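K.L.:
The structure is given below, and queries will be raised subsequently.
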Amino acid sequence: MTDPGRGFEPATGDGAAGPPGRREAELRTAYEGLLQIRRLVGGPAGAGVPAPWEVRQLPRAVALALEAAGITPSALDAEGRRTRTGYRVAAGSGPERAEVTWVGPPGGGAAEEEQGRLTACAAVLEELGWVCLLYRGPRRRRFLEVEPPR
């Protein structure tokens with residue numbers, strides 16, 4: 001949600017599932033702000049190119065884009081157990097990289113959905129100018145690596 005010192009925090013998939021309502025309005029405002037910053041920094045074509053602050057805070061920017069696109073984030077309960085299947089965004093293997101996985105509660109079917117769901121995540125992010133590569137990692141689970149264009 002909103003922290004007075006930090007602003008809107010997009011859902012990364014590692015937080016609690018909050019009630020809808022006010023969050024939707026905050027999400028819309030945050031995403032519109034992202035697009036406006038892109039236009040100001042990059043000119044008329046700027047909406048399709050990540051702004052420098054997005055690159056510096058890549059997991060946060062990726063989570064904002066996915067949440068704004070209506071893709072469901074995963075969620076945790078108070079004990080840290082997955083309660084909802086969805087995307088999870090974390091820092092990637094190096095600077096200027098983020099990793100998107102599709103996770104959920106044990107037995108919830110996330111592994112069967114991951115290729116299609118991660119492909120949908122990649123489509124959203126690529127339209128916003130990010131470079132996305134789909135990999136198969138440990139235990140043969142797929143993940144999406146996201147980085148700015150070079």
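If you're wondering about the labels, chains in the structure tokens are A, B, ... by order shown, residues count from 1 in each chain, ligands from 1 in order shown.
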Counting only C-alpha atoms, which residues of range 23-114 of chain A sit at most 6 Å from some atom of range 7-12 of chain A, and what is each one's closest atom pair with its distance in Å to one decimal, listed by chain and rising residue number, as CSV?
P.N.:
residue,atom,partner,partner_atom,distance
A:Ala63,CA,A:Thr12,CA,5.4
A:Leu64,CA,A:Pro10,CA,5.0
A:Arg88,CA,A:Thr12,CA,5.4
A:Val89,CA,A:Thr12,CA,5.0
K.L.:
Using only C-alpha atoms, which protein or nucleic acid residues come within 8 Å of range 127-132 of chain A? Drop anything in the same chain fewer than 2 positions from it, and give the result as a PyMOL selection string.
P.N.:
chain A and resi 47-50+122-125+134+144-149
K.L.:
For the residues in the current selection, export C-alpha atoms as a PDB file, in the first residue's frame.
P.N.:
ATOM      1  CA  ALA A  47       6.013   5.576 -23.112  1.00  0.00           C
ATOM      2  CA  GLY A  48       7.685   2.562 -24.757  1.00  0.00           C
ATOM      3  CA  VAL A  49      11.082   2.992 -23.078  1.00  0.00           C
ATOM      4  CA  PRO A  50      11.850   2.427 -19.383  1.00  0.00           C
ATOM      5  CA  ALA A 122       6.460 -11.145 -20.904  1.00  0.00           C
ATOM      6  CA  ALA A 123       3.947  -9.756 -23.411  1.00  0.00           C
ATOM      7  CA  VAL A 124       2.927  -6.995 -20.961  1.00  0.00           C
ATOM      8  CA  LEU A 125       6.524  -6.109 -20.126  1.00  0.00           C
ATOM      9  CA  LEU A 134      12.114 -17.240 -20.467  1.00  0.00           C
ATOM     10  CA  LEU A 144      11.336 -14.844 -16.692  1.00  0.00           C
ATOM     11  CA  GLU A 145      14.420 -12.669 -16.636  1.00  0.00           C
ATOM     12  CA  VAL A 146      13.642  -8.989 -17.273  1.00  0.00           C
ATOM     13  CA  GLU A 147      16.164  -6.300 -18.173  1.00  0.00           C
ATOM     14  CA  PRO A 148      16.193  -2.892 -19.855  1.00  0.00           C
ATOM     15  CA  PRO A 149      16.926  -2.650 -23.568  1.00  0.00           C
TER      16      PRO A 149
END
K.L.:
Quick one: pick out all strand (DSSP E or B) residues within chain A from a backbone DSSP run and write them as a PyMOL selection string.
P.N.:
chain A and resi 2-3+7-8+73+75-76+82-84+86-91+98-103+131-136+142-147
K.L.:
Might you pull out every residue within 8 Å of Val62 in chain A, with only C-alpha atoms counted and same-chain residues fewer than 3 positions away left off, and present them as a list in words?
P.N.:
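Residues near the query, excluding close chain neighbours: Leu58, Pro59, Ala65, Leu66, Val89, Ala98 and Leu125 of chain A.
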K.L.:
Would you export the selected residues with N, CA, C and O atoms as a tab-separated table (two decimals), in the first residue's frame, please?
P.N.:
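Okay, selection07.tsv is ready:
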chain	number	residue	atom	x	y	z
A	58	LEU	N	14.22	-1.78	-10.66
A	58	LEU	CA	13.62	-2.67	-11.64
A	58	LEU	C	12.56	-3.61	-11.08
A	58	LEU	O	11.47	-3.69	-11.63
A	59	PRO	N	12.79	-4.34	-9.98
A	59	PRO	CA	11.73	-5.22	-9.48
A	59	PRO	C	10.44	-4.46	-9.15
A	59	PRO	O	9.34	-4.92	-9.46
A	65	ALA	N	4.02	-2.71	-13.32
A	65	ALA	CA	3.49	-2.98	-14.66
A	65	ALA	C	2.59	-4.21	-14.67
A	65	ALA	O	1.52	-4.20	-15.28
A	66	LEU	N	3.02	-5.27	-14.00
A	66	LEU	CA	2.22	-6.50	-13.99
A	66	LEU	C	0.91	-6.31	-13.23
A	66	LEU	O	-0.15	-6.74	-13.69
A	89	VAL	N	7.85	-11.20	-8.14
A	89	VAL	CA	8.95	-10.43	-8.73
A	89	VAL	C	10.03	-10.25	-7.67
A	89	VAL	O	9.74	-9.88	-6.53
A	98	ALA	N	15.57	-8.26	-13.18
A	98	ALA	CA	14.54	-8.74	-12.27
A	98	ALA	C	14.15	-10.14	-12.72
A	98	ALA	O	14.33	-10.50	-13.89
A	125	LEU	N	5.27	-6.81	-20.37
A	125	LEU	CA	6.52	-6.11	-20.13
A	125	LEU	C	7.22	-5.70	-21.42
A	125	LEU	O	7.78	-4.60	-21.51
K.L.:
Which residues come within 12 Å of Arg117 in chain A, counting only C-alpha atoms, excluding same-chain residues fewer than 2 positions away, as a PyMOL selection string?
P.N.:
chain A and resi 66+71-73+85-88+100-103+109-115+119-124+134+142-144
K.L.:
Restricted to N, CA and C atoms, what would the selected residues look like written as a short mmCIF file (atom, residue, chain, number, x, y, z; two decimals), in the first residue's frame?
P.N.:
data_model
loop_
_atom_site.label_atom_id
_atom_site.label_comp_id
_atom_site.auth_asym_id
_atom_site.auth_seq_id
_atom_site.Cartn_x
_atom_site.Cartn_y
_atom_site.Cartn_z
N LEU A 66 3.02 -5.27 -14.00
CA LEU A 66 2.22 -6.50 -13.99
C LEU A 66 0.91 -6.31 -13.23
N ILE A 71 -2.68 -8.67 -13.84
CA ILE A 71 -2.17 -10.01 -13.58
C ILE A 71 -2.11 -10.19 -12.06
N THR A 72 -2.55 -11.33 -11.58
CA THR A 72 -2.65 -11.58 -10.15
C THR A 72 -1.29 -11.86 -9.53
N PRO A 73 -0.95 -11.13 -8.45
CA PRO A 73 0.28 -11.45 -7.73
C PRO A 73 0.03 -12.61 -6.76
N THR A 85 -2.01 -18.21 -5.95
CA THR A 85 -1.14 -18.42 -7.10
C THR A 85 -1.08 -17.13 -7.91
N GLY A 86 0.15 -16.78 -8.34
CA GLY A 86 0.33 -15.59 -9.15
C GLY A 86 1.80 -15.31 -9.38
N TYR A 87 2.09 -14.13 -9.91
CA TYR A 87 3.48 -13.78 -10.17
C TYR A 87 4.21 -13.42 -8.87
N ARG A 88 5.50 -13.59 -8.91
CA ARG A 88 6.39 -13.13 -7.84
C ARG A 88 7.55 -12.44 -8.53
N VAL A 100 10.93 -12.90 -12.67
CA VAL A 100 9.51 -13.12 -12.44
C VAL A 100 9.29 -14.62 -12.46
N THR A 101 8.64 -15.13 -11.40
CA THR A 101 8.27 -16.54 -11.33
C THR A 101 6.77 -16.63 -11.14
N TRP A 102 6.21 -17.79 -11.40
CA TRP A 102 4.78 -18.05 -11.19
C TRP A 102 4.71 -19.06 -10.06
N VAL A 103 4.22 -18.64 -8.91
CA VAL A 103 4.23 -19.48 -7.71
C VAL A 103 2.86 -19.52 -7.06
N GLY A 109 -1.19 -26.04 -8.50
CA GLY A 109 -1.12 -26.07 -9.96
C GLY A 109 -0.28 -24.99 -10.60
N ALA A 110 0.51 -24.25 -9.82
CA ALA A 110 1.32 -23.17 -10.40
C ALA A 110 2.30 -23.69 -11.44
N ALA A 111 2.89 -24.85 -11.20
CA ALA A 111 3.89 -25.39 -12.14
C ALA A 111 3.27 -25.67 -13.51
N GLU A 112 2.03 -26.13 -13.53
CA GLU A 112 1.37 -26.44 -14.80
C GLU A 112 1.00 -25.17 -15.57
N GLU A 113 0.77 -24.07 -14.85
CA GLU A 113 0.36 -22.82 -15.48
C GLU A 113 1.52 -21.93 -15.88
N GLU A 114 2.72 -22.20 -15.34
CA GLU A 114 3.78 -21.19 -15.40
C GLU A 114 4.19 -20.78 -16.80
N GLN A 115 4.30 -21.68 -17.75
CA GLN A 115 4.75 -21.26 -19.08
C GLN A 115 3.76 -20.28 -19.70
N THR A 119 4.52 -16.26 -20.10
CA THR A 119 4.47 -15.72 -21.46
C THR A 119 3.57 -14.49 -21.51
N ALA A 120 2.45 -14.54 -20.78
CA ALA A 120 1.56 -13.38 -20.70
C ALA A 120 2.25 -12.21 -19.99
N CYS A 121 3.00 -12.51 -18.93
CA CYS A 121 3.76 -11.46 -18.23
C CYS A 121 4.77 -10.82 -19.18
N ALA A 122 5.46 -11.65 -19.96
CA ALA A 122 6.46 -11.14 -20.90
C ALA A 122 5.81 -10.23 -21.94
N ALA A 123 4.63 -10.58 -22.41
CA ALA A 123 3.95 -9.76 -23.41
C ALA A 123 3.66 -8.36 -22.85
N VAL A 124 3.20 -8.28 -21.61
CA VAL A 124 2.93 -6.99 -20.96
C VAL A 124 4.21 -6.18 -20.85
N LEU A 134 12.70 -16.16 -21.26
CA LEU A 134 12.11 -17.24 -20.47
C LEU A 134 13.14 -18.36 -20.33
N ARG A 142 10.17 -22.83 -14.67
CA ARG A 142 10.48 -21.71 -15.56
C ARG A 142 10.49 -20.40 -14.79
N PHE A 143 11.26 -19.44 -15.32
CA PHE A 143 11.26 -18.08 -14.78
C PHE A 143 11.55 -17.12 -15.91
N LEU A 144 11.16 -15.90 -15.71
CA LEU A 144 11.34 -14.84 -16.69
C LEU A 144 12.39 -13.90 -16.18
#
K.L.:
Which of range 83-137 of chain A end up as alpha helix (DSSP H) when DSSP is run on this backbone - answer as an mmCIF file with N, CA, C and O atoms, in the first residue's frame?
P.N.:
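Ended up saving to result-v2.cif:
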data_model
loop_
_atom_site.group_PDB
_atom_site.id
_atom_site.type_symbol
_atom_site.label_atom_id
_atom_site.label_comp_id
_atom_site.auth_asym_id
_atom_site.auth_seq_id
_atom_site.Cartn_x
_atom_site.Cartn_y
_atom_site.Cartn_z
ATOM 1 N N ALA A 110 0.507 -24.254 -9.824
ATOM 2 C CA ALA A 110 1.317 -23.168 -10.398
ATOM 3 C C ALA A 110 2.298 -23.692 -11.443
ATOM 4 O O ALA A 110 2.507 -23.045 -12.470
ATOM 5 N N ALA A 111 2.890 -24.851 -11.205
ATOM 6 C CA ALA A 111 3.888 -25.393 -12.141
ATOM 7 C C ALA A 111 3.272 -25.673 -13.510
ATOM 8 O O ALA A 111 3.920 -25.462 -14.538
ATOM 9 N N GLU A 112 2.029 -26.132 -13.527
ATOM 10 C CA GLU A 112 1.369 -26.439 -14.801
ATOM 11 C C GLU A 112 1.000 -25.169 -15.565
ATOM 12 O O GLU A 112 0.892 -25.179 -16.773
ATOM 13 N N GLU A 113 0.775 -24.070 -14.851
ATOM 14 C CA GLU A 113 0.362 -22.819 -15.478
ATOM 15 C C GLU A 113 1.521 -21.927 -15.881
ATOM 16 O O GLU A 113 1.336 -20.979 -16.635
ATOM 17 N N GLU A 114 2.716 -22.200 -15.341
ATOM 18 C CA GLU A 114 3.781 -21.194 -15.397
ATOM 19 C C GLU A 114 4.191 -20.776 -16.804
ATOM 20 O O GLU A 114 4.414 -19.587 -17.032
ATOM 21 N N GLN A 115 4.300 -21.676 -17.753
ATOM 22 C CA GLN A 115 4.751 -21.256 -19.080
ATOM 23 C C GLN A 115 3.765 -20.276 -19.704
ATOM 24 O O GLN A 115 4.151 -19.204 -20.184
ATOM 25 N N GLY A 116 2.493 -20.588 -19.690
ATOM 26 C CA GLY A 116 1.496 -19.696 -20.267
ATOM 27 C C GLY A 116 1.397 -18.372 -19.526
ATOM 28 O O GLY A 116 1.302 -17.308 -20.143
ATOM 29 N N ARG A 117 1.436 -18.431 -18.205
ATOM 30 C CA ARG A 117 1.314 -17.212 -17.399
ATOM 31 C C ARG A 117 2.546 -16.319 -17.530
ATOM 32 O O ARG A 117 2.433 -15.101 -17.611
ATOM 33 N N LEU A 118 3.723 -16.930 -17.549
ATOM 34 C CA LEU A 118 4.948 -16.130 -17.710
ATOM 35 C C LEU A 118 5.033 -15.538 -19.116
ATOM 36 O O LEU A 118 5.541 -14.426 -19.298
ATOM 37 N N THR A 119 4.523 -16.256 -20.103
ATOM 38 C CA THR A 119 4.471 -15.720 -21.465
ATOM 39 C C THR A 119 3.570 -14.489 -21.506
ATOM 40 O O THR A 119 3.886 -13.488 -22.159
ATOM 41 N N ALA A 120 2.452 -14.537 -20.779
ATOM 42 C CA ALA A 120 1.561 -13.380 -20.702
ATOM 43 C C ALA A 120 2.247 -12.211 -19.989
ATOM 44 O O ALA A 120 2.108 -11.055 -20.403
ATOM 45 N N CYS A 121 2.996 -12.505 -18.934
ATOM 46 C CA CYS A 121 3.757 -11.457 -18.233
ATOM 47 C C CYS A 121 4.768 -10.818 -19.182
ATOM 48 O O CYS A 121 4.916 -9.600 -19.223
ATOM 49 N N ALA A 122 5.462 -11.651 -19.957
ATOM 50 C CA ALA A 122 6.460 -11.145 -20.904
ATOM 51 C C ALA A 122 5.806 -10.230 -21.936
ATOM 52 O O ALA A 122 6.368 -9.192 -22.293
ATOM 53 N N ALA A 123 4.629 -10.583 -22.412
ATOM 54 C CA ALA A 123 3.947 -9.756 -23.411
ATOM 55 C C ALA A 123 3.657 -8.358 -22.851
ATOM 56 O O ALA A 123 3.876 -7.356 -23.529
ATOM 57 N N VAL A 124 3.201 -8.283 -21.607
ATOM 58 C CA VAL A 124 2.927 -6.995 -20.961
ATOM 59 C C VAL A 124 4.214 -6.183 -20.855
ATOM 60 O O VAL A 124 4.262 -4.999 -21.199
ATOM 61 N N LEU A 125 5.267 -6.814 -20.370
ATOM 62 C CA LEU A 125 6.524 -6.109 -20.126
ATOM 63 C C LEU A 125 7.223 -5.696 -21.420
ATOM 64 O O LEU A 125 7.782 -4.604 -21.510
ATOM 65 N N GLU A 126 7.181 -6.550 -22.438
ATOM 66 C CA GLU A 126 7.818 -6.217 -23.720
ATOM 67 C C GLU A 126 7.117 -5.027 -24.381
ATOM 68 O O GLU A 126 7.770 -4.199 -25.009
ATOM 69 N N GLU A 127 5.811 -4.942 -24.221
ATOM 70 C CA GLU A 127 5.091 -3.794 -24.780
ATOM 71 C C GLU A 127 5.541 -2.487 -24.124
ATOM 72 O O GLU A 127 5.477 -1.424 -24.731
#
K.L.:
Rounded to one decimal place, report the CA of Asp14 in chain A-CA of Ser74 in chain A distance in Å.
P.N.:
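Going from CA of Asp14 in chain A over to CA of Ser74 in chain A covers 6.8 Å.
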K.L.:
Quick one: residues within 9 Å of Gly80 in chain A, only C-alpha atoms, excluding same-chain residues fewer than 5 positions away - as a PyMOL selection string?
P.N.:
chain A and resi 14-16+75
K.L.:
With N, CA and C atoms kept, could you save the residues just selected as a PDB file, in the first residue's frame?
P.N.:
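Result file is selection_13.pdb:
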ATOM      1  N   ASP A  14       5.118 -11.262  -2.653  1.00  0.00           N
ATOM      2  CA  ASP A  14       5.647 -11.700  -1.363  1.00  0.00           C
ATOM      3  C   ASP A  14       4.954 -11.027  -0.186  1.00  0.00           C
ATOM      4  N   GLY A  15       3.811 -10.402  -0.414  1.00  0.00           N
ATOM      5  CA  GLY A  15       3.081  -9.730   0.654  1.00  0.00           C
ATOM      6  C   GLY A  15       1.744 -10.391   0.894  1.00  0.00           C
ATOM      7  N   ALA A  16       1.017  -9.861   1.838  1.00  0.00           N
ATOM      8  CA  ALA A  16      -0.316 -10.369   2.143  1.00  0.00           C
ATOM      9  C   ALA A  16      -1.303  -9.892   1.083  1.00  0.00           C
ATOM     10  N   ALA A  75       0.535 -14.367  -3.054  1.00  0.00           N
ATOM     11  CA  ALA A  75       0.397 -13.736  -1.737  1.00  0.00           C
ATOM     12  C   ALA A  75       0.830 -14.714  -0.659  1.00  0.00           C
TER      13      ALA A  75
END
K.L.:
What is the CA of Pro52 in chain A to CA of Gly33 in chain A distance in Å?
P.N.:
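Computed distance, CA of Pro52 in chain A to CA of Gly33 in chain A, equals 14.0 Å.
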K.L.:
Can you work out the spacing between CA of Glu67 in chain A and CA of Glu96 in chain A in Å, to one decimal?
P.N.:
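Value for the CA of Glu67 in chain A-CA of Glu96 in chain A distance: 19.9 Å.
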K.L.:
When distances are computed from only C-alpha atoms, which of A:Ala78, A:Val41, A:Ala91, A:Leu34 shows the smallest separation from Glu54 in chain A?
P.N.:
A:Leu34
